Every structure is written in structure tokens, then in C-alpha cells.
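See below for model.pdb, which holds PDB, C-alpha atoms.
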ATOM      1  CA  MET A 172     -26.559  26.452  32.340
ATOM      2  CA  GLU A 173     -28.419  28.176  29.498
ATOM      3  CA  TYR A 174     -30.912  25.371  29.115
ATOM      4  CA  VAL A 175     -31.869  25.547  32.800
ATOM      5  CA  ARG A 176     -32.505  29.272  32.460
ATOM      6  CA  ALA A 177     -34.544  28.580  29.339
ATOM      7  CA  LEU A 178     -36.726  26.161  31.284
ATOM      8  CA  ALA A 179     -37.172  28.711  34.042
ATOM      9  CA  ALA A 180     -38.048  31.383  31.486
ATOM     10  CA  ALA A 181     -40.561  29.081  29.842
ATOM     11  CA  ARG A 182     -42.232  28.521  33.186
ATOM     12  CA  SER A 183     -42.433  32.250  33.902
ATOM     13  CA  THR A 184     -44.022  33.004  30.518
ATOM     14  CA  GLY A 185     -46.641  30.291  30.838
ATOM     15  CA  ALA A 186     -45.122  27.859  28.323
ATOM     16  CA  THR A 187     -45.739  24.157  28.809
ATOM     17  CA  VAL A 188     -43.249  22.826  31.318
ATOM     18  CA  PRO A 189     -43.675  19.582  33.332
ATOM     19  CA  GLU A 190     -44.041  21.219  36.739
ATOM     20  CA  HIS A 191     -44.794  17.876  38.376
ATOM     21  CA  SER A 192     -41.347  16.617  37.470
ATOM     22  CA  PRO A 193     -39.036  16.354  40.487
ATOM     23  CA  VAL A 194     -36.142  16.646  38.038
ATOM     24  CA  LEU A 195     -37.168  20.098  36.822
ATOM     25  CA  ARG A 196     -37.809  21.326  40.333
ATOM     26  CA  GLY A 197     -34.414  20.051  41.413
ATOM     27  CA  LEU A 198     -32.617  21.652  38.474
ATOM     28  CA  LEU A 199     -34.225  25.037  39.047
ATOM     29  CA  GLU A 200     -33.533  24.930  42.782
ATOM     30  CA  GLU A 201     -29.911  23.925  42.210
ATOM     31  CA  GLU A 202     -29.439  26.679  39.618
ATOM     32  CA  ALA A 203     -30.891  29.286  41.967
ATOM     33  CA  ALA A 204     -28.577  28.146  44.765
ATOM     34  CA  ARG A 205     -25.542  28.256  42.483
ATOM     35  CA  SER A 206     -26.445  31.732  41.232
ATOM     36  CA  THR A 207     -26.652  33.041  44.807
ATOM     37  CA  ALA A 208     -23.389  31.391  45.777
ATOM     38  CA  HIS A 209     -21.570  32.799  42.744
ATOM     39  CA  GLN A 210     -22.503  36.415  43.471
ATOM     40  CA  ASP A 211     -19.720  36.694  46.027
ATOM     41  CA  LEU A 212     -17.093  34.942  43.906
ATOM     42  CA  PRO A 213     -14.430  36.862  41.891
ATOM     43  CA  LYS A 214     -15.032  37.044  38.137
ATOM     44  CA  THR A 215     -13.144  34.539  36.020
ATOM     45  CA  GLN A 216     -11.263  37.234  34.086
ATOM     46  CA  ASP A 217      -9.933  38.675  37.364
ATOM     47  CA  LEU A 218      -8.302  35.368  38.307
ATOM     48  CA  PRO A 219      -4.742  34.258  37.452
ATOM     49  CA  LYS A 220      -4.440  31.944  34.431
ATOM     50  CA  THR A 221      -4.237  28.797  36.585
ATOM     51  CA  LYS A 222      -7.319  29.804  38.570
ATOM     52  CA  ARG A 223      -9.238  30.601  35.358
ATOM     53  CA  SER A 224      -8.460  27.112  34.067
ATOM     54  CA  GLN A 225      -9.653  25.516  37.291
ATOM     55  CA  SER A 226     -12.824  27.637  37.182
ATOM     56  CA  ARG A 227     -13.594  26.507  33.618
ATOM     57  CA  MET A 228     -13.060  22.860  34.613
ATOM     58  CA  LYS A 229     -15.486  23.245  37.527
ATOM     59  CA  ARG A 230     -18.128  24.832  35.288
ATOM     60  CA  THR A 231     -17.724  21.977  32.795
ATOM     61  CA  ALA A 232     -18.163  19.388  35.535
ATOM     62  CA  VAL A 233     -21.310  21.108  36.823
ATOM     63  CA  LEU A 234     -22.770  21.271  33.310
ATOM     64  CA  ALA A 235     -22.121  17.567  32.684
ATOM     65  CA  ALA A 236     -23.771  16.590  35.960
ATOM     66  CA  SER A 237     -26.785  18.766  35.167
ATOM     67  CA  LEU A 238     -27.156  17.190  31.729
ATOM     68  CA  LEU A 239     -27.290  13.773  33.323
ATOM     69  CA  SER A 240     -30.060  14.986  35.617
ATOM     70  CA  VAL A 241     -32.121  16.673  32.904
ATOM     71  CA  THR A 242     -32.250  13.420  30.972
ATOM     72  CA  ALA A 243     -34.547  12.089  33.668
ATOM     73  CA  LEU A 244     -37.186  14.565  32.482
ATOM     74  CA  THR A 245     -38.082  11.837  30.023
ATOM     75  CA  GLY A 246     -37.292   8.910  32.280
ATOM     76  CA  LEU A 247     -33.826   8.348  30.876
ATOM     77  CA  THR A 248     -31.591   8.305  33.933
ATOM     78  CA  ALA A 249     -29.834   5.464  35.643
ATOM     79  CA  CYS A 250     -31.441   3.552  38.487
ATOM     80  CA  GLY A 251     -30.687   4.304  42.145
ATOM     81  CA  GLY A 252     -27.160   3.752  43.393
ATOM     82  CA  GLY A 253     -25.778   2.788  40.001
ATOM     83  CA  GLY A 254     -25.668  -0.837  41.114
ATOM     84  CA  SER A 255     -27.217  -3.473  43.321
ATOM     85  CA  GLU A 256     -26.604  -6.965  44.577
ATOM     86  CA  THR A 257     -28.724  -9.833  45.879
ATOM     87  CA  ASP A 258     -27.681 -12.658  48.221
ATOM     88  CA  ALA A 259     -27.277 -15.136  45.374
ATOM     89  CA  THR A 260     -23.962 -17.007  45.186
ATOM     90  CA  ASP A 261     -21.622 -15.992  42.372
ATOM     91  CA  LYS A 262     -20.970 -18.428  39.593
ATOM     92  CA  PRO A 263     -17.839 -18.848  37.434
ATOM     93  CA  GLY A 264     -18.165 -17.100  34.090
ATOM     94  CA  SER A 265     -16.833 -14.381  31.856
ATOM     95  CA  GLY A 266     -13.987 -12.198  33.027
ATOM     96  CA  ALA A 267     -12.881 -14.465  35.880
ATOM     97  CA  THR A 268     -11.403 -17.905  36.432
ATOM     98  CA  ALA A 269     -13.387 -20.477  38.415
ATOM     99  CA  PRO A 270     -11.285 -20.133  41.625
ATOM    100  CA  GLU A 271     -11.478 -16.345  41.486
ATOM    101  CA  ALA A 272     -15.220 -16.244  40.835
ATOM    102  CA  THR A 273     -15.960 -18.349  43.902
ATOM    103  CA  LYS A 274     -14.149 -15.814  46.096
ATOM    104  CA  VAL A 275     -15.515 -12.577  44.667
ATOM    105  CA  SER A 276     -19.072 -11.367  45.253
ATOM    106  CA  PRO A 277     -21.213 -10.599  42.169
ATOM    107  CA  ALA A 278     -21.055  -6.857  42.875
ATOM    108  CA  LYS A 279     -17.260  -6.810  43.210
ATOM    109  CA  ARG A 280     -16.930  -8.939  40.124
ATOM    110  CA  LEU A 281     -18.934  -6.437  38.078
ATOM    111  CA  THR A 282     -16.823  -3.606  39.460
ATOM    112  CA  LYS A 283     -13.731  -5.362  38.106
ATOM    113  CA  LEU A 284     -15.441  -6.004  34.768
ATOM    114  CA  MET A 285     -16.698  -2.444  34.310
ATOM    115  CA  VAL A 286     -14.723  -0.457  31.757
ATOM    116  CA  THR A 287     -12.539   2.392  33.048
ATOM    117  CA  LYS A 288     -11.429   5.712  31.578
ATOM    118  CA  ALA A 289      -7.932   4.372  30.931
ATOM    119  CA  GLU A 290      -9.326   1.479  28.886
ATOM    120  CA  ILE A 291     -11.361   3.621  26.460
ATOM    121  CA  LYS A 292      -9.601   5.256  23.525
ATOM    122  CA  GLY A 293     -10.332   8.878  22.711
ATOM    123  CA  GLY A 294     -10.491  10.619  26.074
ATOM    124  CA  TYR A 295     -13.903   9.486  27.339
ATOM    125  CA  GLU A 296     -14.915  10.211  30.912
ATOM    126  CA  VAL A 297     -16.456   7.462  33.044
ATOM    127  CA  ALA A 298     -18.643   8.386  36.007
ATOM    128  CA  GLU A 299     -21.253   7.080  38.379
ATOM    129  CA  PRO A 300     -24.750   8.082  37.227
ATOM    130  CA  ALA A 301     -26.830  10.751  38.904
ATOM    131  CA  THR A 302     -29.387   8.958  41.075
ATOM    132  CA  GLU A 303     -31.421  11.635  42.842
ATOM    133  CA  TYR A 304     -33.877  11.986  39.981
ATOM    134  CA  ALA A 305     -33.950   8.370  38.793
ATOM    135  CA  PHE A 306     -36.973   7.232  36.794
ATOM    136  CA  ALA A 307     -37.272   4.264  39.180
ATOM    137  CA  LYS A 308     -35.147   2.596  41.827
ATOM    138  CA  SER A 309     -36.087  -0.940  40.825
ATOM    139  CA  PRO A 310     -38.104  -2.819  38.186
ATOM    140  CA  ASP A 311     -40.834  -3.378  40.796
ATOM    141  CA  GLU A 312     -41.683   0.341  40.659
ATOM    142  CA  VAL A 313     -42.232   0.302  36.886
ATOM    143  CA  THR A 314     -45.538  -0.418  35.158
ATOM    144  CA  VAL A 315     -45.782  -0.943  31.394
ATOM    145  CA  ASP A 316     -48.943  -0.781  29.293
ATOM    146  CA  LYS A 317     -47.751  -3.830  27.334
ATOM    147  CA  LYS A 318     -46.371  -6.574  29.548
ATOM    148  CA  GLU A 319     -44.158  -8.017  26.826
ATOM    149  CA  CYS A 320     -42.368  -4.657  26.556
ATOM    150  CA  ALA A 321     -41.192  -4.613  30.187
ATOM    151  CA  PRO A 322     -37.605  -5.741  29.340
ATOM    152  CA  LEU A 323     -37.311  -2.711  27.060
ATOM    153  CA  ALA A 324     -38.531  -0.376  29.803
ATOM    154  CA  TYR A 325     -35.851  -1.735  32.142
ATOM    155  CA  THR A 326     -33.129  -1.549  29.510
ATOM    156  CA  LEU A 327     -33.934   2.025  28.493
ATOM    157  CA  ASN A 328     -33.855   3.153  32.123
ATOM    158  CA  GLN A 329     -30.725   1.287  33.266
ATOM    159  CA  LEU A 330     -32.650  -1.068  35.542
ATOM    160  CA  PRO A 331     -31.706  -4.734  36.127
ATOM    161  CA  LEU A 332     -32.722  -6.970  33.243
ATOM    162  CA  GLY A 333     -34.272 -10.208  34.491
ATOM    163  CA  GLU A 334     -33.304 -12.067  37.664
ATOM    164  CA  THR A 335     -29.854 -10.677  38.409
ATOM    165  CA  THR A 336     -27.457 -11.339  41.264
ATOM    166  CA  ALA A 337     -25.941  -7.866  40.833
ATOM    167  CA  ASP A 338     -25.980  -4.924  38.441
ATOM    168  CA  LEU A 339     -23.780  -1.878  37.939
ATOM    169  CA  THR A 340     -24.185   1.256  35.775
ATOM    170  CA  ARG A 341     -21.735   3.894  34.608
ATOM    171  CA  THR A 342     -22.061   6.844  32.238
ATOM    172  CA  THR A 343     -19.500   7.698  29.591
ATOM    173  CA  SER A 344     -19.094  10.901  27.603
ATOM    174  CA  LYS A 345     -16.456  12.681  25.569
ATOM    175  CA  ASP A 346     -17.882  16.136  24.924
ATOM    176  CA  GLY A 347     -20.988  16.399  27.102
ATOM    177  CA  ASN A 348     -23.397  16.297  24.155
ATOM    178  CA  GLY A 349     -24.057  12.571  24.046
ATOM    179  CA  TYR A 350     -23.878   9.915  26.739
ATOM    180  CA  THR A 351     -23.441   6.169  26.437
ATOM    181  CA  TYR A 352     -24.671   4.323  29.509
ATOM    182  CA  VAL A 353     -23.136   0.954  30.368
ATOM    183  CA  THR A 354     -25.072  -1.421  32.615
ATOM    184  CA  LEU A 355     -23.585  -4.769  33.593
ATOM    185  CA  ASN A 356     -25.903  -7.520  34.877
ATOM    186  CA  ALA A 357     -24.716 -10.730  36.557
ATOM    187  CA  TYR A 358     -26.779 -13.953  36.691
ATOM    188  CA  THR A 359     -26.805 -17.575  37.782
ATOM    189  CA  ASP A 360     -28.582 -20.709  36.531
ATOM    190  CA  GLY A 361     -29.126 -19.624  32.927
ATOM    191  CA  GLY A 362     -30.487 -16.229  33.887
ATOM    192  CA  ALA A 363     -28.347 -14.417  31.331
ATOM    193  CA  GLU A 364     -29.697 -16.498  28.456
ATOM    194  CA  SER A 365     -33.270 -15.937  29.640
ATOM    195  CA  ALA A 366     -32.743 -12.200  29.951
ATOM    196  CA  MET A 367     -31.406 -11.965  26.404
ATOM    197  CA  ALA A 368     -34.282 -14.070  25.089
ATOM    198  CA  ASP A 369     -36.855 -11.847  26.803
ATOM    199  CA  LEU A 370     -35.229  -8.679  25.472
ATOM    200  CA  THR A 371     -35.045 -10.093  21.945
ATOM    201  CA  LYS A 372     -38.725 -10.994  22.083
ATOM    202  CA  ALA A 373     -39.616  -7.525  23.371
ATOM    203  CA  VAL A 374     -37.796  -5.834  20.488
ATOM    204  CA  SER A 375     -39.735  -7.901  17.951
ATOM    205  CA  SER A 376     -43.081  -7.490  19.752
ATOM    206  CA  CYS A 377     -43.052  -3.775  20.586
ATOM    207  CA  GLY A 378     -42.425  -2.133  17.232
ATOM    208  CA  ASP A 379     -45.359   0.254  17.639
ATOM    209  CA  GLY A 380     -44.081   1.488  20.986
ATOM    210  CA  PHE A 381     -45.159   1.341  24.613
ATOM    211  CA  THR A 382     -45.441   3.505  27.715
ATOM    212  CA  ALA A 383     -43.585   3.015  30.989
ATOM    213  CA  LYS A 384     -44.609   4.711  34.238
ATOM    214  CA  ALA A 385     -42.983   5.026  37.649
ATOM    215  CA  ALA A 386     -43.261   7.408  40.605
ATOM    216  CA  GLY A 387     -45.613   9.749  38.791
ATOM    217  CA  ASN A 388     -43.384   9.977  35.707
ATOM    218  CA  SER A 389     -44.381   8.670  32.283
ATOM    219  CA  SER A 390     -42.121   7.731  29.374
ATOM    220  CA  PRO A 391     -43.935   7.022  26.095
ATOM    221  CA  TYR A 392     -41.794   5.347  23.436
ATOM    222  CA  GLU A 393     -43.308   5.657  19.980
ATOM    223  CA  SER A 394     -41.401   2.935  18.168
ATOM    224  CA  VAL A 395     -38.809   0.204  18.585
ATOM    225  CA  ALA A 396     -36.867  -1.423  15.761
ATOM    226  CA  ALA A 397     -34.111  -4.023  15.598
ATOM    227  CA  GLU A 398     -30.734  -2.993  14.168
ATOM    228  CA  GLN A 399     -27.699  -4.890  12.934
ATOM    229  CA  ALA A 400     -25.663  -6.017  15.914
ATOM    230  CA  GLY A 401     -21.916  -6.402  15.746
ATOM    231  CA  LYS A 402     -20.299  -9.699  16.661
ATOM    232  CA  ALA A 403     -19.506  -9.718  20.357
ATOM    233  CA  GLY A 404     -19.680 -12.162  23.246
ATOM    234  CA  ASP A 405     -21.763 -15.320  23.036
ATOM    235  CA  GLU A 406     -24.753 -13.435  21.605
ATOM    236  CA  SER A 407     -25.723  -9.840  20.930
ATOM    237  CA  LEU A 408     -28.588  -7.679  19.723
ATOM    238  CA  ALA A 409     -29.100  -4.025  18.877
ATOM    239  CA  PHE A 410     -32.157  -1.815  18.513
ATOM    240  CA  LYS A 411     -33.301   1.789  18.361
ATOM    241  CA  SER A 412     -36.247   3.513  20.022
ATOM    242  CA  THR A 413     -37.915   6.854  19.402
ATOM    243  CA  MET A 414     -39.810   9.267  21.596
ATOM    244  CA  THR A 415     -41.171  12.795  21.308
ATOM    245  CA  PHE A 416     -40.434  15.339  24.023
ATOM    246  CA  GLN A 417     -42.103  18.774  23.817
ATOM    247  CA  GLY A 418     -42.755  18.319  20.107
ATOM    248  CA  THR A 419     -39.245  17.159  19.208
ATOM    249  CA  THR A 420     -38.366  13.626  18.122
ATOM    250  CA  HIS A 421     -35.384  11.828  19.616
ATOM    251  CA  THR A 422     -33.882   8.543  18.432
ATOM    252  CA  MET A 423     -31.892   6.528  20.943
ATOM    253  CA  HIS A 424     -29.750   3.497  20.155
ATOM    254  CA  SER A 425     -29.206   0.502  22.429
ATOM    255  CA  ALA A 426     -27.436  -2.854  22.406
ATOM    256  CA  ALA A 427     -26.993  -5.888  24.636
ATOM    257  CA  VAL A 428     -24.114  -8.367  24.704
ATOM    258  CA  ARG A 429     -24.042 -11.618  26.661
ATOM    259  CA  ASP A 430     -20.732 -13.147  27.629
ATOM    260  CA  GLY A 431     -21.175 -16.185  29.830
ATOM    261  CA  ASP A 432     -23.385 -15.226  32.763
ATOM    262  CA  VAL A 433     -22.926 -11.464  32.329
ATOM    263  CA  VAL A 434     -25.026  -9.224  30.088
ATOM    264  CA  ALA A 435     -23.794  -5.754  29.152
ATOM    265  CA  VAL A 436     -26.501  -3.293  28.131
ATOM    266  CA  TYR A 437     -25.649  -0.080  26.275
ATOM    267  CA  PHE A 438     -27.891   2.949  25.841
ATOM    268  CA  ALA A 439     -27.151   6.282  24.129
ATOM    269  CA  VAL A 440     -28.977   9.583  24.642
ATOM    270  CA  ASN A 441     -28.257  13.275  24.074
ATOM    271  CA  GLY A 442     -29.327  15.092  27.237
ATOM    272  CA  ARG A 443     -28.371  18.518  25.894
ATOM    273  CA  ALA A 444     -30.603  18.091  22.820
ATOM    274  CA  LEU A 445     -33.512  17.073  25.054
ATOM    275  CA  ALA A 446     -33.026  20.130  27.239
ATOM    276  CA  GLU A 447     -32.659  22.530  24.323
ATOM    277  CA  GLY A 448     -35.552  21.121  22.317
ATOM    278  CA  ARG A 449     -33.417  19.968  19.385
ATOM    279  CA  PRO A 450     -34.044  16.664  17.572
ATOM    280  CA  SER A 451     -31.382  14.036  18.160
ATOM    281  CA  ASP A 452     -30.227  10.684  16.822
ATOM    282  CA  THR A 453     -27.637   9.492  19.314
ATOM    283  CA  LYS A 454     -25.413   6.559  18.375
ATOM    284  CA  LEU A 455     -23.573   4.370  20.851
ATOM    285  CA  ALA A 456     -19.946   5.398  21.345
ATOM    286  CA  THR A 457     -17.957   2.717  19.528
ATOM    287  CA  PRO A 458     -14.781   3.167  21.641
ATOM    288  CA  VAL A 459     -16.860   2.548  24.755
ATOM    289  CA  THR A 460     -18.682  -0.565  23.544
ATOM    290  CA  GLU A 461     -15.544  -2.054  22.029
ATOM    291  CA  ALA A 462     -13.563  -1.546  25.231
ATOM    292  CA  GLN A 463     -16.312  -2.995  27.409
ATOM    293  CA  ASN A 464     -16.928  -6.002  25.144
ATOM    294  CA  ALA A 465     -13.208  -6.757  25.069
ATOM    295  CA  LYS A 466     -13.068  -6.664  28.849
ATOM    296  CA  LEU A 467     -16.003  -9.049  29.161
ATOM    297  CA  GLY A 468     -14.417 -11.607  26.886
TER     298      GLY A 468
END

Now that the file is in, can you turn its structure into C-alpha cells?
Amino acid sequence: MEYVRALAAARSTGATVPEHSPVLRGLLEEEAARSTAHQDLPKTQDLPKTKRSQSRMKRTAVLAASLLSVTALTGLTACGGGGSETDATDKPGSGATAPEATKVSPAKRLTKLMVTKAEIKGGYEVAEPATEYAFAKSPDEVTVDKKECAPLAYTLNQLPLGETTADLTRTTSKDGNGYTYVTLNAYTDGGAESAMADLTKAVSSCGDGFTAKAAGNSSPYESVAAEQAGKAGDESLAFKSTMTFQGTTHTMHSAAVRDGDVVAVYFAVNGRALAEGRPSDTKLATPVTEAQNAKLG
């Protein structure tokens, strides 16, 4: 929790810290509560070997959860609930046969399509995203200074892309330093094709950046640039975006893959680097994207 203490120290010395951020307030409050609770606990070195191992695992889990929350300081957390569903009727498409698709709701279908820990090579963890400090709960809460850049704002904040019937987000990480977010979106009536077209247009139109705002938070992206996309699904695209947080530049990589009426959106960010004020250039985790793309097709 060193980075949380660093933020608290910065606040006490008068350094620039976004006091208005509900994320920062939440982190500091949670850290204070944990510190008080731990005062009465036995020290790790006094515990038997098995207990020490369990203690280390718990500390690791707490750190990972906190890193997910601190990412929202720059509007980079997943949307509320990690998934949503409308009343639209499901339509046969990728990952399911026609008889099966007519019986399964869009939300349940995405749950079956979402990649799992066992399906990713290399020991990656898969978890539901932290939602308490989400940048926005829905696209309706987001305003963008350039209308044509709205699809990018949704993609970079794990919000539904276009007119979806359901969406679902998970976070994946191997070492806690970098996270690859996976958001699955389900559509009907050509919605997937339209969503990909809008996102492709946004990437080409918003090269000089844009600013997204929601719930008093602001996320300025300084640049967006297309990248070479690997062959996957029926169509795919890849791009990178940059932003500066407290004087440090961060490059984040994203991709989108359409398979039938489902669009998978990937987004990579290093929450620890953001918290510690180090520059970062976070690539998508190849084992994660490969496993998810294979499951879609």
C-alpha cells in the first residue's frame, strides 16, 4: 500500500492531489480503516509458515483490488456492475448454435463466452472489476468535447459500445503491474457492424485527442493512433491512446474484435505506474486476447 501512503503524504505536504476525486477519498479511508484493524493482528513473522503464506496471499489480493480502484483516478475503471442487459431478444451468432441462442439470454450468453482463468495460458487471474469508483455507470452519463470521439470514450472506460443487448467486463492480470480489461458486447440487427464502424471512424478522426467527463471527473486523452491489428473474428482494429497524469505520460493500448453479433473490446493500463507517478506503455496481454478471440470463434 506504499502508493496510497504516498498520496496521503502528498496531501499532507500540500502537493497537488485531486481532492475532489471520490476514488482518492475512498482509497485513503480504506487504508486508514485497514491500518486500524491491523494493529490488533499478530505480526506475520510470529505466525506459523502456513499462516504466513495465507497472510501474504491476502495482502496481495488487497493490493490488486486497490490498484484497480486507483486506476479510476484518471477515469480508467470498468463501468458499474461489470455487465448489463436490455430487454432485447437474443439473436443466433458467434459462440452458440441457433437453437441454443434462442434459449439463452444475452447476458447469460456473454457469461458463457467470457474467457476464464483456466482458458488463459500463463497463470493470469480473471476477476470482476471494481465498480464503486467507476468513471460512469452508463454512456448517458458521459459527455465528450468532440462528438465523433464518443465511441473512444466508451471503449476506454469499459462502457457499452453502441446499441447493445448486453455487456460484460472482466479484468485480467498476471503480476499486478498491468491489467488487460475484456468487455464483451452483444447486439442485434447489425448493431455489431455499426459499433465497429463508429469506433473505426473515431480512431481516424480523433488523432489530436479529446476530453471525456462524467460525475465531476475529467479524462483528457492527448492523442489516439491506429495500430496494426491481428487477424481475428470477422473484423478487428487496434489503437493506442496517450494521457498525462500529474506530469507523467501514459500510453494505453486497445483493440476490438467482432465475431458475428458480439464485439470484444480490450484495454490495457498499468494502475501501479499511474499511482506511483511512473511513465507507462502498457501492451495488451497476448495470452488473454488470444484465448478470448478463440472462444468467440

> Got a sec: who's within 10 Å of A:Glu312, counting all atoms listed in the file, leaving out chain neighbours fewer than 3 positions off, as a list in words?
Replying inline: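 Result of the neighbour search: Phe306, Ala307, Lys308, Ser309, Lys384, Ala385 and Ala386 of chain A.
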
>> Distance cut-off 10 Å, centre (-39.2, -3.2, 32.9) in file coordinates, counting only C-alpha atoms: which residues qualify? Return them as a ChimeraX atom specification.
In response: /A:307,309-315,318-333,383-384

>> Is it possible to get the residues within 10 Å of (-28.8, -19.5, 36.6) (coordinates as in the file, counting all atoms listed in the file) written as JSON, numbers by chain?
In response: {"A": [259, 261, 262, 334, 335, 336, 357, 358, 359, 360, 361, 362, 363, 364, 365, 432]}

Please produce a file of those selected residues containing C-alpha atoms, as a PDB file, in the frame of the given file.
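For reference, part.pdb as written:
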ATOM      1  CA  ALA A 259     -27.277 -15.136  45.374  1.00  0.00           C
ATOM      2  CA  ASP A 261     -21.622 -15.992  42.372  1.00  0.00           C
ATOM      3  CA  LYS A 262     -20.970 -18.428  39.593  1.00  0.00           C
ATOM      4  CA  GLU A 334     -33.304 -12.067  37.664  1.00  0.00           C
ATOM      5  CA  THR A 335     -29.854 -10.677  38.409  1.00  0.00           C
ATOM      6  CA  THR A 336     -27.457 -11.339  41.264  1.00  0.00           C
ATOM      7  CA  ALA A 357     -24.716 -10.730  36.557  1.00  0.00           C
ATOM      8  CA  TYR A 358     -26.779 -13.953  36.691  1.00  0.00           C
ATOM      9  CA  THR A 359     -26.805 -17.575  37.782  1.00  0.00           C
ATOM     10  CA  ASP A 360     -28.582 -20.709  36.531  1.00  0.00           C
ATOM     11  CA  GLY A 361     -29.126 -19.624  32.927  1.00  0.00           C
ATOM     12  CA  GLY A 362     -30.487 -16.229  33.887  1.00  0.00           C
ATOM     13  CA  ALA A 363     -28.347 -14.417  31.331  1.00  0.00           C
ATOM     14  CA  GLU A 364     -29.697 -16.498  28.456  1.00  0.00           C
ATOM     15  CA  SER A 365     -33.270 -15.937  29.640  1.00  0.00           C
ATOM     16  CA  ASP A 432     -23.385 -15.226  32.763  1.00  0.00           C
TER      17      ASP A 432
END

>> Report, in Å with one decimal, the straight-line distance from atom CA of A:Asp405 to atom CA of A:Asp369.
In response: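 Between atom CA of A:Asp405 and atom CA of A:Asp369 the gap works out to 15.9 Å.
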
>> Rounded to one decimal, what separation in Å do you get between atom CA of A:Pro458 and atom CA of A:Lys345?
In response: 10.4 Å

> Given the file above and the PyMOL selection byres ((chain A and resi 379) around 8), which residues are selected, and can you give them as a list of chain:residue names?
Replying inline: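 Evaluating the PyMOL selection byres ((chain A and resi 379) around 8) on this file yields A:Cys377, A:Gly378, A:Gly380, A:Phe381, A:Glu393, A:Ser394, A:Val395.
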
> For the file shown, what are the residues hit by the PyMOL selection byres ((chain A and resi 420) around 12), laid out as an NGL selection string?
Replying inline: :A and (391-394 or 412-419 or 421-423 or 441 or 444-445 or 448-453)

> Expressed in Å to a single decimal, how great is the separation between atom CA of A:Met285 and atom CA of A:Asn348?
Replying inline: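 That distance, rounded to one decimal, is 22.3 Å.
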
> Using only C-alpha atoms, which residue out of A:Thr382, A:Thr457, A:Asn464, A:Asn388 lies closest to A:Asp316?
Replying inline: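 Comparing A:Thr382, A:Thr457, A:Asn464, A:Asn388 against A:Asp316, the winner is A:Thr382.
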
>> Could you list, as a list of chain:residue names, every residue matched by the PyMOL selection byres ((chain A and resi 456) around 10) in this structure?
In response: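 That selection, the PyMOL selection byres ((chain A and resi 456) around 10), comes back as A:Tyr295, A:Thr343, A:Ser344, A:Lys345, A:Gly349, A:Tyr350, A:Thr351, A:Tyr352, A:Tyr437, A:Phe438, A:Ala439, A:Thr453, A:Lys454, A:Leu455, A:Thr457, A:Pro458, A:Val459, A:Thr460, A:Glu461.
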
>> Need to verify the contact set: A:Gly404, 10 Å, all atoms listed in the file, exclusion of same-chain residues closer than 2 positions in sequence. Can you return it as a list in words?
In response: Ser265, Gly401, Lys402, Glu406, Ser407, Ala427, Val428, Arg429, Asp430, Gly431, Val433, Val434, Ala435, Asn464, Ala465, Leu467 and Gly468 of chain A

> With only C-alpha atoms as the atoms that count, which of A:Arg341, A:Lys317, A:Lys288, A:Arg443 lies nearest to A:Leu355?
Replying inline: A:Arg341
